[in-house]
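J.: The structure is given below, and queries will be raised subsequently.
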Protein chains: 2
Amino acid sequence: MFNASVYTARRDTLKKDVGSGLVLFLGNEESSINFKANWYHFRQDSSFLYFFGLSLPGLAAIVDIDHDRTTVFGDELSIDDIVWTGPQPTIAELANRSGVQHTDSLKALVSVLNKALQSGSTIHYLPPYRPENSLKLQHWLGFDQEQIQRGHSVELIKAIVAQRSYKSALEIEEINKAVDITADMHLTAMKLVSEGKKEMEIVGAVQEVAVGAGGQLSYPVILTRNGQILHNHYHGNTLRSGDMVLVDCGAEVATGYAGDMTRTFPVDSQFTERQKTLYELVVKAHTTAVDTLQPDIPFKEVHLTACKTLVEGLKEIGLMKGDAQEAVNAGAHTMFFQCGLGHMMGLDVHDMEDLGEQYVGYTDTMIKSVEFGLKSLRLGKALEPGFVITVEPGIYIIPELIDLWKATNKNAQFINYQALESYRDFGGIRVEEDFVITETGAQLLGKPVAKTAAAVESIRTEATA
Amino acid sequence: MFNASVYTARRDTLKKDVGSGLVLFLGNEESSINFKANWYHFRQDSSFLYFFGLSLPGLAAIVDIDHDRTTVFGDELSIDDIVWTGPQPTIAELANRSGVQHTDSLKALVSVLNKALQSGSTIHYLPPYRPENSLKLQHWLGFDQEQIQRGHSVELIKAIVAQRSYKSALEIEEINKAVDITADMHLTAMKLVSEGKKEMEIVGAVQEVAVGAGGQLSYPVILTRNGQILHNHYHGNTLRSGDMVLVDCGAEVATGYAGDMTRTFPVDSQFTERQKTLYELVVKAHTTAVDTLQPDIPFKEVHLTACKTLVEGLKEIGLMKGDAQEAVNAGAHTMFFQCGLGHMMGLDVHDMEDLGEQYVGYTDTMIKSVEFGLKSLRLGKALEPGFVITVEPGIYIIPELIDLWKATNKNAQFINYQALESYRDFGGIRVEEDFVITETGAQLLGKPVAKTAAAVESIRTEATA
Ligand SMILES: [Mn+2]
Ligand SMILES: [Mn+2]
């Protein structure tokens, strides 16, 4: 965690921005796997981390704006517990690390909340994304689950987005560490892949890099010969000559900051000609998008620029036709690129996604689209210095989507369905990197990893020699 | 998963054993890490796996005993979903793999439950250990959380324990696979440890073995120079000459079966004399316990035999005194061995712990003790052929416990507190293996891993050469 003054300053800003009432922060609990005491690795809630930095289960906090009093709530370990856990800091010692002077038990928390409810104070809380926290709100506030779902505080969400969106130098340092480890994960995969290996073997090695560096995965590893399946966490396939492997994985460092990177490379030492052409097109879309990154440009525009680059390339290959801009306007490119160009990244790989994509990636006057393609663009609004974002164009040939569109001849003026048929089993390609927006443009985060077809093939040539 | 007939037979037995009413099985959901769509690896509920074998989120099942009708409930993916996930089996196809003919939506499940409630049928369900399933029961049955906690079915628990306790040949095969991978994890650790490495580096490598083999960890890795801290998942220490490393870890195979093993070894090539003496004592307690394993012997007796062996050895070393049997009767050994000798293992590393330790490890006439030491013995009842259990004696020197007992001179007639003082920083030792009880004794599961001090030192000598 950072110095206590960092957390105090963040809470001071929050108090000003929210204005009045009580802000209730729910820490996360241990998450049970197959029985109560068998746990997944603990992950604290990111906003709790941001304002308190304490990565332990069983904590909550209240920032009472009206009485200018911040309290951390938690129950002390008994001497019996300490026999099993070794000596542990008290709640007061923990709170002190966050610059908080007041502490109390969880029982006291309930009476503070009841008093606030009776006196009509506003209790600001965030939308719960974990069921244990929905249950806590039910117990503590006496609300039913419907009330809880609609009762979250939009003022609080906006105040938090207003801070967490702008990464400080300290945060950028942590993100750089996470992306450096992420880069090592990718180099490991790029070197280890060979014909006949199972996907899971490489997944194990990639995960080792993150855990061995004292972190965790920032999200489940995607590592697959079927890169066209976007939500794909199956790792049971055997890698074959002629396959491409899509690896989308990232590390999270101990402070909670994430890295997020994707590379696609051949199981052989070289791409096939067909693979290379589409791969280089994705890299071109990536480079074109990165070149436009700068303050004030709406990320939706960057996204659409990348889409247009893809369409122009697909026209050259003969998979699309017609006017490129009109094709993008019609959404015809979503046959090949169904998702968004990128998202915010920070304490979450999709930063603040639990607060709501509309609040994080859009504005009061820019509403997130519901159209296929754009509805998956998590970030649309104008970029600002300090934003950390991913850029991740791709080309995915999805047989089910071809069949779905072809049945109604959808966008037939832009898509060469006949040519596309021979690409049915092509697979998917994505290239993803992380950037911080600066005063004048953008800066790559973490150490660079081979990206051009030539650079990738050079590593693969060495690896398969 | 196994052949459909396996699941059908298990459900048929269950119907007979429970007798009447509806049995409601809740599958697990994806478990969110730091926002809704960022998930830990999925783990199905073990009883759901046992009776249906389906390892996917979003499922529930009802075995209607009175109408002899079993239904799997779940919602189909839309064609839109399939664009993101690739082709997926329908609920009917999934159910078919479990030998179930009837399927319906989750909405239909709620109306089946409501009808059953209205007609006064008993709805049998297991104690929920995940908050999402507590919330489902609340929504579906209209119960409040207190009702849900006390409303679980003891008949159902007993019927499930009556089946899951006896492992079939098919299950033993899976457990052997899990323990074989577990053995590889331990060999990896034993070979990789060296002075100056961080614990986390070895944790990463150990985890790689489990994931690379297509499985997962069966529980979070304990890998520490502080083996005396029993609930210890910190991996930030650097390993030093003179340290012992305690590694407690296991793999889970794709079918869900677990392995659970512990080894303790020196960072140097050799134990110190003092370490070796206590290590060999733990091995002796282990061997003595294993030699007594056979049908009909209460595991509590095996536990107490191991305790007595430890006391006799500690007397020789001068850390304990007085009559060994009296010391065990008084619980004086719990200064050194605070926990239980072992537990059932199967689809859970602590098998069926979610059903309640009293039901799994004890009987109607043998109530689990609440005394320090015995209260941590998860299994007390008589062993039977087909039981799979762990044997894991240890010696843990816990400074906080020394101070706690010494303050009241507790068990001073059996403990040589003065001699113990010089062992304050000694650490902890545990040796754990998994066994299946046979008709005549017990059989080690998985391939053997170096266990005697000499065998361990031989591996360490090679590793540090
Ligand atoms: Mn991404
Ligand atoms: Mn164990």
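Every chain in the structure tokens has a letter given in the order shown (A, B, ...), and although residue numbers restart at 1 in each chain, ligands are simply numbered from 1 in the order shown.
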List all protein, DNA and RNA residues that have at least one atom no more than 7 Å from any atom of ligand 2, counting only C-alpha atoms and all ligand atoms, and write them as a PyMOL selection string.
T.: chain B and resi 260-261+342-343+390+392+432
J.: Might you pull out every residue within 10 Å of Arg130 of chain B, with only C-alpha atoms counted and same-chain residues fewer than 3 positions away left off, and present them as a list in words?
T.: Ser31, Ser32, Ile33, Asn34, Phe35, Lys36, Pro131 and Glu132 of chain A; Asn28, Glu29, Ser31, Asp45, Pro127, Asn133, Ser134, Leu135 and Asp354 of chain B
J.: Would you give me, as a VMD selection string, the residues of chain B that come within 8 Å of chain A, using only C-alpha atoms?
T.: chain B and resid 31 to 36 38 to 41 43 to 46 82 to 87 129 to 132 135 200 to 205 207 to 214 219 to 220 229 to 232 235 to 236 348 352 to 354 398 400 to 401
J.: Mind checking which residues fall within 12 Å of Arg430 of chain B, counting only C-alpha atoms, ignoring those fewer than 2 positions away in the same chain, and posting them as a PDB file with C-alpha atoms, in the first residue's frame?
T.:
```
ATOM      1  CA  ILE B 222       0.786 -23.421   2.089  1.00  0.00           C
ATOM      2  CA  LEU B 223       4.494 -23.001   1.397  1.00  0.00           C
ATOM      3  CA  THR B 224       6.348 -21.339   4.199  1.00  0.00           C
ATOM      4  CA  ASN B 226       6.974 -20.577   9.203  1.00  0.00           C
ATOM      5  CA  GLY B 227       5.352 -23.989   9.271  1.00  0.00           C
ATOM      6  CA  GLN B 228       4.215 -23.394  12.844  1.00  0.00           C
ATOM      7  CA  ILE B 229       1.588 -20.909  11.609  1.00  0.00           C
ATOM      8  CA  LEU B 230      -1.136 -23.353  10.672  1.00  0.00           C
ATOM      9  CA  MET B 244      12.821 -25.685   7.014  1.00  0.00           C
ATOM     10  CA  VAL B 245      10.129 -25.274   4.341  1.00  0.00           C
ATOM     11  CA  LEU B 246       6.701 -26.721   4.985  1.00  0.00           C
ATOM     12  CA  VAL B 247       4.783 -27.384   1.763  1.00  0.00           C
ATOM     13  CA  ASP B 248       1.115 -28.394   2.021  1.00  0.00           C
ATOM     14  CA  CYS B 249      -0.502 -28.491  -1.389  1.00  0.00           C
ATOM     15  CA  MET B 261       0.000 -33.892   0.761  1.00  0.00           C
ATOM     16  CA  THR B 262       2.531 -32.230   3.033  1.00  0.00           C
ATOM     17  CA  ARG B 263       6.287 -32.434   3.154  1.00  0.00           C
ATOM     18  CA  THR B 264       8.771 -30.517   5.271  1.00  0.00           C
ATOM     19  CA  PHE B 265      12.393 -30.231   4.214  1.00  0.00           C
ATOM     20  CA  LEU B 278      11.871 -33.805  15.493  1.00  0.00           C
ATOM     21  CA  TYR B 279      11.361 -34.605  11.811  1.00  0.00           C
ATOM     22  CA  GLU B 280      12.037 -38.275  12.395  1.00  0.00           C
ATOM     23  CA  LEU B 281       9.653 -38.222  15.313  1.00  0.00           C
ATOM     24  CA  VAL B 282       6.884 -36.881  13.087  1.00  0.00           C
ATOM     25  CA  VAL B 283       7.643 -39.578  10.509  1.00  0.00           C
ATOM     26  CA  LYS B 284       7.505 -42.168  13.299  1.00  0.00           C
ATOM     27  CA  ALA B 285       4.098 -40.870  14.423  1.00  0.00           C
ATOM     28  CA  HIS B 286       2.990 -41.027  10.784  1.00  0.00           C
ATOM     29  CA  PHE B 336       2.992 -29.433  19.979  1.00  0.00           C
ATOM     30  CA  PHE B 337       0.208 -30.967  17.903  1.00  0.00           C
ATOM     31  CA  GLN B 338      -2.813 -28.684  18.036  1.00  0.00           C
ATOM     32  CA  CYS B 339      -4.879 -30.159  15.239  1.00  0.00           C
ATOM     33  CA  GLY B 340      -6.326 -33.417  13.985  1.00  0.00           C
ATOM     34  CA  LEU B 341      -4.490 -36.385  12.481  1.00  0.00           C
ATOM     35  CA  GLY B 342      -6.528 -36.348   9.288  1.00  0.00           C
ATOM     36  CA  VAL B 391      -2.759 -38.973   7.846  1.00  0.00           C
ATOM     37  CA  GLU B 392      -0.920 -35.813   8.819  1.00  0.00           C
ATOM     38  CA  PRO B 393       0.783 -35.648  12.202  1.00  0.00           C
ATOM     39  CA  GLY B 394       2.958 -32.658  12.974  1.00  0.00           C
ATOM     40  CA  ILE B 395       4.961 -30.771  15.540  1.00  0.00           C
ATOM     41  CA  TYR B 396       4.398 -27.019  15.687  1.00  0.00           C
ATOM     42  CA  ILE B 397       6.210 -24.724  18.093  1.00  0.00           C
ATOM     43  CA  GLY B 427       9.062 -23.626  13.359  1.00  0.00           C
ATOM     44  CA  GLY B 428       6.780 -26.472  12.303  1.00  0.00           C
ATOM     45  CA  GLU B 432       0.884 -35.901   5.199  1.00  0.00           C
ATOM     46  CA  GLU B 433      -0.212 -38.673   2.850  1.00  0.00           C
ATOM     47  CA  LYS B 451       9.601 -39.140   3.307  1.00  0.00           C
TER      48      LYS B 451
END
```
J.: Would you compute the distance between atom CA of Gln163 of chain B and atom CA of Lys368 of chain B? Give it in Å to one decimal.
T.: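 That distance, rounded to one decimal, is 21.1 Å.
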J.: Mind checking which residues fall within 9 Å of Met320 of chain A, counting only C-alpha atoms, ignoring those fewer than 5 positions away in the same chain, and posting them as JSON, numbers by chain?
T.: {"A": [311, 312, 313, 314, 315, 327, 332, 333, 413, 414, 415, 416, 417, 419, 420]}
J.: Go ahead and write the residues just picked, N, CA, C and O atoms, as an mmCIF file, in the first residue's frame.
T.:
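Writing the result to selection08.cif gives the following:
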```cif
data_model
loop_
_atom_site.group_PDB
_atom_site.id
_atom_site.type_symbol
_atom_site.label_atom_id
_atom_site.label_comp_id
_atom_site.auth_asym_id
_atom_site.auth_seq_id
_atom_site.Cartn_x
_atom_site.Cartn_y
_atom_site.Cartn_z
ATOM 1 N N VAL A 311 -11.540 -2.335 -42.270
ATOM 2 C CA VAL A 311 -12.377 -2.509 -43.469
ATOM 3 C C VAL A 311 -11.547 -2.285 -44.730
ATOM 4 O O VAL A 311 -11.631 -3.066 -45.688
ATOM 5 N N GLU A 312 -10.725 -1.245 -44.712
ATOM 6 C CA GLU A 312 -9.887 -0.968 -45.896
ATOM 7 C C GLU A 312 -8.984 -2.162 -46.217
ATOM 8 O O GLU A 312 -8.862 -2.571 -47.381
ATOM 9 N N GLY A 313 -8.399 -2.731 -45.195
ATOM 10 C CA GLY A 313 -7.544 -3.897 -45.402
ATOM 11 C C GLY A 313 -8.342 -5.105 -45.871
ATOM 12 O O GLY A 313 -7.901 -5.857 -46.739
ATOM 13 N N LEU A 314 -9.518 -5.288 -45.306
ATOM 14 C CA LEU A 314 -10.351 -6.445 -45.672
ATOM 15 C C LEU A 314 -10.848 -6.317 -47.111
ATOM 16 O O LEU A 314 -11.063 -7.321 -47.797
ATOM 17 N N LYS A 315 -11.024 -5.072 -47.547
ATOM 18 C CA LYS A 315 -11.383 -4.845 -48.953
ATOM 19 C C LYS A 315 -10.234 -5.291 -49.861
ATOM 20 O O LYS A 315 -10.450 -5.976 -50.868
ATOM 21 N N ALA A 327 -19.437 1.315 -44.809
ATOM 22 C CA ALA A 327 -19.455 -0.017 -44.195
ATOM 23 C C ALA A 327 -19.387 0.103 -42.674
ATOM 24 O O ALA A 327 -20.135 -0.560 -41.947
ATOM 25 N N ALA A 332 -20.983 -2.992 -40.682
ATOM 26 C CA ALA A 332 -20.645 -4.226 -41.408
ATOM 27 C C ALA A 332 -19.320 -4.825 -40.925
ATOM 28 O O ALA A 332 -19.108 -6.044 -40.992
ATOM 29 N N HIS A 333 -18.445 -3.978 -40.402
ATOM 30 C CA HIS A 333 -17.149 -4.468 -39.885
ATOM 31 C C HIS A 333 -17.333 -5.404 -38.691
ATOM 32 O O HIS A 333 -16.419 -6.149 -38.334
ATOM 33 N N GLN A 413 -23.986 -5.847 -49.149
ATOM 34 C CA GLN A 413 -23.308 -4.892 -50.024
ATOM 35 C C GLN A 413 -21.872 -4.608 -49.566
ATOM 36 O O GLN A 413 -21.078 -4.054 -50.319
ATOM 37 N N PHE A 414 -21.531 -4.998 -48.332
ATOM 38 C CA PHE A 414 -20.178 -4.734 -47.815
ATOM 39 C C PHE A 414 -19.356 -6.006 -47.584
ATOM 40 O O PHE A 414 -18.145 -5.949 -47.424
ATOM 41 N N ILE A 415 -20.021 -7.132 -47.507
ATOM 42 C CA ILE A 415 -19.317 -8.379 -47.164
ATOM 43 C C ILE A 415 -19.336 -9.326 -48.348
ATOM 44 O O ILE A 415 -20.384 -9.571 -48.942
ATOM 45 N N ASN A 416 -18.160 -9.834 -48.663
ATOM 46 C CA ASN A 416 -18.050 -10.811 -49.739
ATOM 47 C C ASN A 416 -18.226 -12.206 -49.133
ATOM 48 O O ASN A 416 -17.255 -12.866 -48.759
ATOM 49 N N TYR A 417 -19.499 -12.608 -49.022
ATOM 50 C CA TYR A 417 -19.794 -13.855 -48.308
ATOM 51 C C TYR A 417 -19.128 -15.062 -48.942
ATOM 52 O O TYR A 417 -18.730 -15.998 -48.265
ATOM 53 N N ALA A 419 -16.216 -15.236 -50.605
ATOM 54 C CA ALA A 419 -14.803 -15.292 -50.220
ATOM 55 C C ALA A 419 -14.662 -15.674 -48.754
ATOM 56 O O ALA A 419 -13.769 -16.437 -48.362
ATOM 57 N N LEU A 420 -15.567 -15.141 -47.940
ATOM 58 C CA LEU A 420 -15.508 -15.377 -46.492
ATOM 59 C C LEU A 420 -15.625 -16.871 -46.178
ATOM 60 O O LEU A 420 -15.031 -17.359 -45.200
#
```
J.: Closest to ligand 1 among A:Gln147, A:Ser376, A:Thr452, A:Ser153, using only C-alpha atoms and all ligand atoms?
T.: A:Ser376
J.: From a DSSP calculation on the backbone, collect every residue of segment 168-268 of chain B in helix (DSSP H, G or I) and output the set as a ChimeraX atom specification.
T.: /B:169-192,199-212
J.: Please, which residues of segment 181-309 of chain B, numbered as in this document, come out strand (DSSP E or B) from DSSP, as a list in words?
T.: Lys198, Gln216, Leu217, Ile222, Leu223, Thr224, Thr238, Met244, Val245, Leu246, Val247, Asp248, Cys249, Ala251, Glu252, Ala258, Met261, Thr262, Arg263, Thr264, Phe265, Pro266 and Pro298 of chain B
J.: So how many Å separate atom CA of Leu22 of chain B and atom CA of Glu93 of chain B, to one decimal?
T.: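 If I compute the distance from atom CA of Leu22 of chain B to atom CA of Glu93 of chain B, I get 23.2 Å.
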J.: What does the distance from atom CA of Val18 of chain A to atom CA of Leu377 of chain A come to in Å, to one decimal?
T.: 28.1 Å
J.: In terms of the shortest atom-to-atom distance over only C-alpha atoms and all ligand atoms, which of A:Val154, A:Ala162, A:Val360, A:Val388 is closest to ligand 1?
T.: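 Of the candidates, the smallest distance to ligand 1 is held by A:Val388.
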J.: Which one is closest to Leu49 of chain A: A:Ser269, A:Thr70, A:Thr255, A:Thr287? Count only C-alpha atoms.
T.: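 Closest to Leu49 of chain A, using only C-alpha atoms: A:Thr255.
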J.: Which polymer residues have any atom within 8 Å of an atom of segment 65-67 of chain B, counting only C-alpha atoms, with same-chain residues fewer than 4 positions away left out, as a list in words?
T.: Lys15, Gly19, Ser20, Gly21, Leu22 and Val23 of chain B
J.: Any idea what's packed within 9 Å of Leu106 of chain B, counting only C-alpha atoms, ignoring anything in its chain fewer than 3 positions away? Could you give it as a ChimeraX atom specification?
T.: /B:58-60,73-75,109-110
J.: For those residues, write all heavy atoms to a file as a PDB file, in the first residue's frame.
T.:
```
ATOM      1  N   GLY B  58     -24.893 -22.018 -13.414  1.00  0.00           N
ATOM      2  CA  GLY B  58     -26.266 -21.733 -13.857  1.00  0.00           C
ATOM      3  C   GLY B  58     -27.194 -22.926 -13.876  1.00  0.00           C
ATOM      4  O   GLY B  58     -28.236 -22.878 -14.526  1.00  0.00           O
ATOM      5  N   LEU B  59     -26.845 -23.989 -13.187  1.00  0.00           N
ATOM      6  CA  LEU B  59     -27.695 -25.190 -13.194  1.00  0.00           C
ATOM      7  C   LEU B  59     -28.292 -25.465 -11.811  1.00  0.00           C
ATOM      8  O   LEU B  59     -27.727 -25.090 -10.794  1.00  0.00           O
ATOM      9  CB  LEU B  59     -26.882 -26.408 -13.626  1.00  0.00           C
ATOM     10  CG  LEU B  59     -26.276 -26.383 -15.026  1.00  0.00           C
ATOM     11  CD1 LEU B  59     -25.436 -27.629 -15.258  1.00  0.00           C
ATOM     12  CD2 LEU B  59     -27.372 -26.260 -16.094  1.00  0.00           C
ATOM     13  N   ALA B  60     -29.440 -26.100 -11.811  1.00  0.00           N
ATOM     14  CA  ALA B  60     -30.036 -26.635 -10.587  1.00  0.00           C
ATOM     15  C   ALA B  60     -30.715 -27.936 -10.989  1.00  0.00           C
ATOM     16  O   ALA B  60     -30.884 -28.214 -12.184  1.00  0.00           O
ATOM     17  CB  ALA B  60     -31.036 -25.652  -9.996  1.00  0.00           C
ATOM     18  N   PHE B  73     -32.475 -28.121 -14.396  1.00  0.00           N
ATOM     19  CA  PHE B  73     -32.961 -26.791 -14.765  1.00  0.00           C
ATOM     20  C   PHE B  73     -31.792 -25.891 -15.162  1.00  0.00           C
ATOM     21  O   PHE B  73     -30.753 -25.866 -14.497  1.00  0.00           O
ATOM     22  CB  PHE B  73     -33.697 -26.156 -13.589  1.00  0.00           C
ATOM     23  CG  PHE B  73     -34.937 -26.894 -13.180  1.00  0.00           C
ATOM     24  CD1 PHE B  73     -34.872 -27.942 -12.261  1.00  0.00           C
ATOM     25  CD2 PHE B  73     -36.176 -26.570 -13.720  1.00  0.00           C
ATOM     26  CE1 PHE B  73     -36.013 -28.634 -11.884  1.00  0.00           C
ATOM     27  CE2 PHE B  73     -37.328 -27.260 -13.354  1.00  0.00           C
ATOM     28  CZ  PHE B  73     -37.241 -28.304 -12.424  1.00  0.00           C
ATOM     29  N   GLY B  74     -32.006 -25.146 -16.233  1.00  0.00           N
ATOM     30  CA  GLY B  74     -30.993 -24.189 -16.657  1.00  0.00           C
ATOM     31  C   GLY B  74     -31.520 -23.428 -17.854  1.00  0.00           C
ATOM     32  O   GLY B  74     -32.484 -23.872 -18.494  1.00  0.00           O
ATOM     33  N   ASP B  75     -30.917 -22.295 -18.146  1.00  0.00           N
ATOM     34  CA  ASP B  75     -31.382 -21.500 -19.281  1.00  0.00           C
ATOM     35  C   ASP B  75     -30.462 -21.698 -20.479  1.00  0.00           C
ATOM     36  O   ASP B  75     -29.239 -21.690 -20.343  1.00  0.00           O
ATOM     37  CB  ASP B  75     -31.481 -20.023 -18.886  1.00  0.00           C
ATOM     38  CG  ASP B  75     -32.587 -19.815 -17.854  1.00  0.00           C
ATOM     39  OD1 ASP B  75     -33.552 -20.614 -17.845  1.00  0.00           O
ATOM     40  OD2 ASP B  75     -32.478 -18.873 -17.048  1.00  0.00           O
ATOM     41  N   LEU B 109     -38.352 -23.801 -12.608  1.00  0.00           N
ATOM     42  CA  LEU B 109     -37.920 -24.344 -11.311  1.00  0.00           C
ATOM     43  C   LEU B 109     -38.650 -23.657 -10.169  1.00  0.00           C
ATOM     44  O   LEU B 109     -39.121 -24.304  -9.222  1.00  0.00           O
ATOM     45  CB  LEU B 109     -36.405 -24.150 -11.162  1.00  0.00           C
ATOM     46  CG  LEU B 109     -35.800 -24.401  -9.781  1.00  0.00           C
ATOM     47  CD1 LEU B 109     -35.931 -25.863  -9.378  1.00  0.00           C
ATOM     48  CD2 LEU B 109     -34.339 -23.992  -9.739  1.00  0.00           C
ATOM     49  N   VAL B 110     -38.759 -22.325 -10.270  1.00  0.00           N
ATOM     50  CA  VAL B 110     -39.406 -21.577  -9.185  1.00  0.00           C
ATOM     51  C   VAL B 110     -40.864 -22.016  -9.046  1.00  0.00           C
ATOM     52  O   VAL B 110     -41.369 -22.183  -7.924  1.00  0.00           O
ATOM     53  CB  VAL B 110     -39.297 -20.062  -9.446  1.00  0.00           C
ATOM     54  CG1 VAL B 110     -39.978 -19.282  -8.339  1.00  0.00           C
ATOM     55  CG2 VAL B 110     -37.833 -19.639  -9.558  1.00  0.00           C
TER      56      VAL B 110
END
```
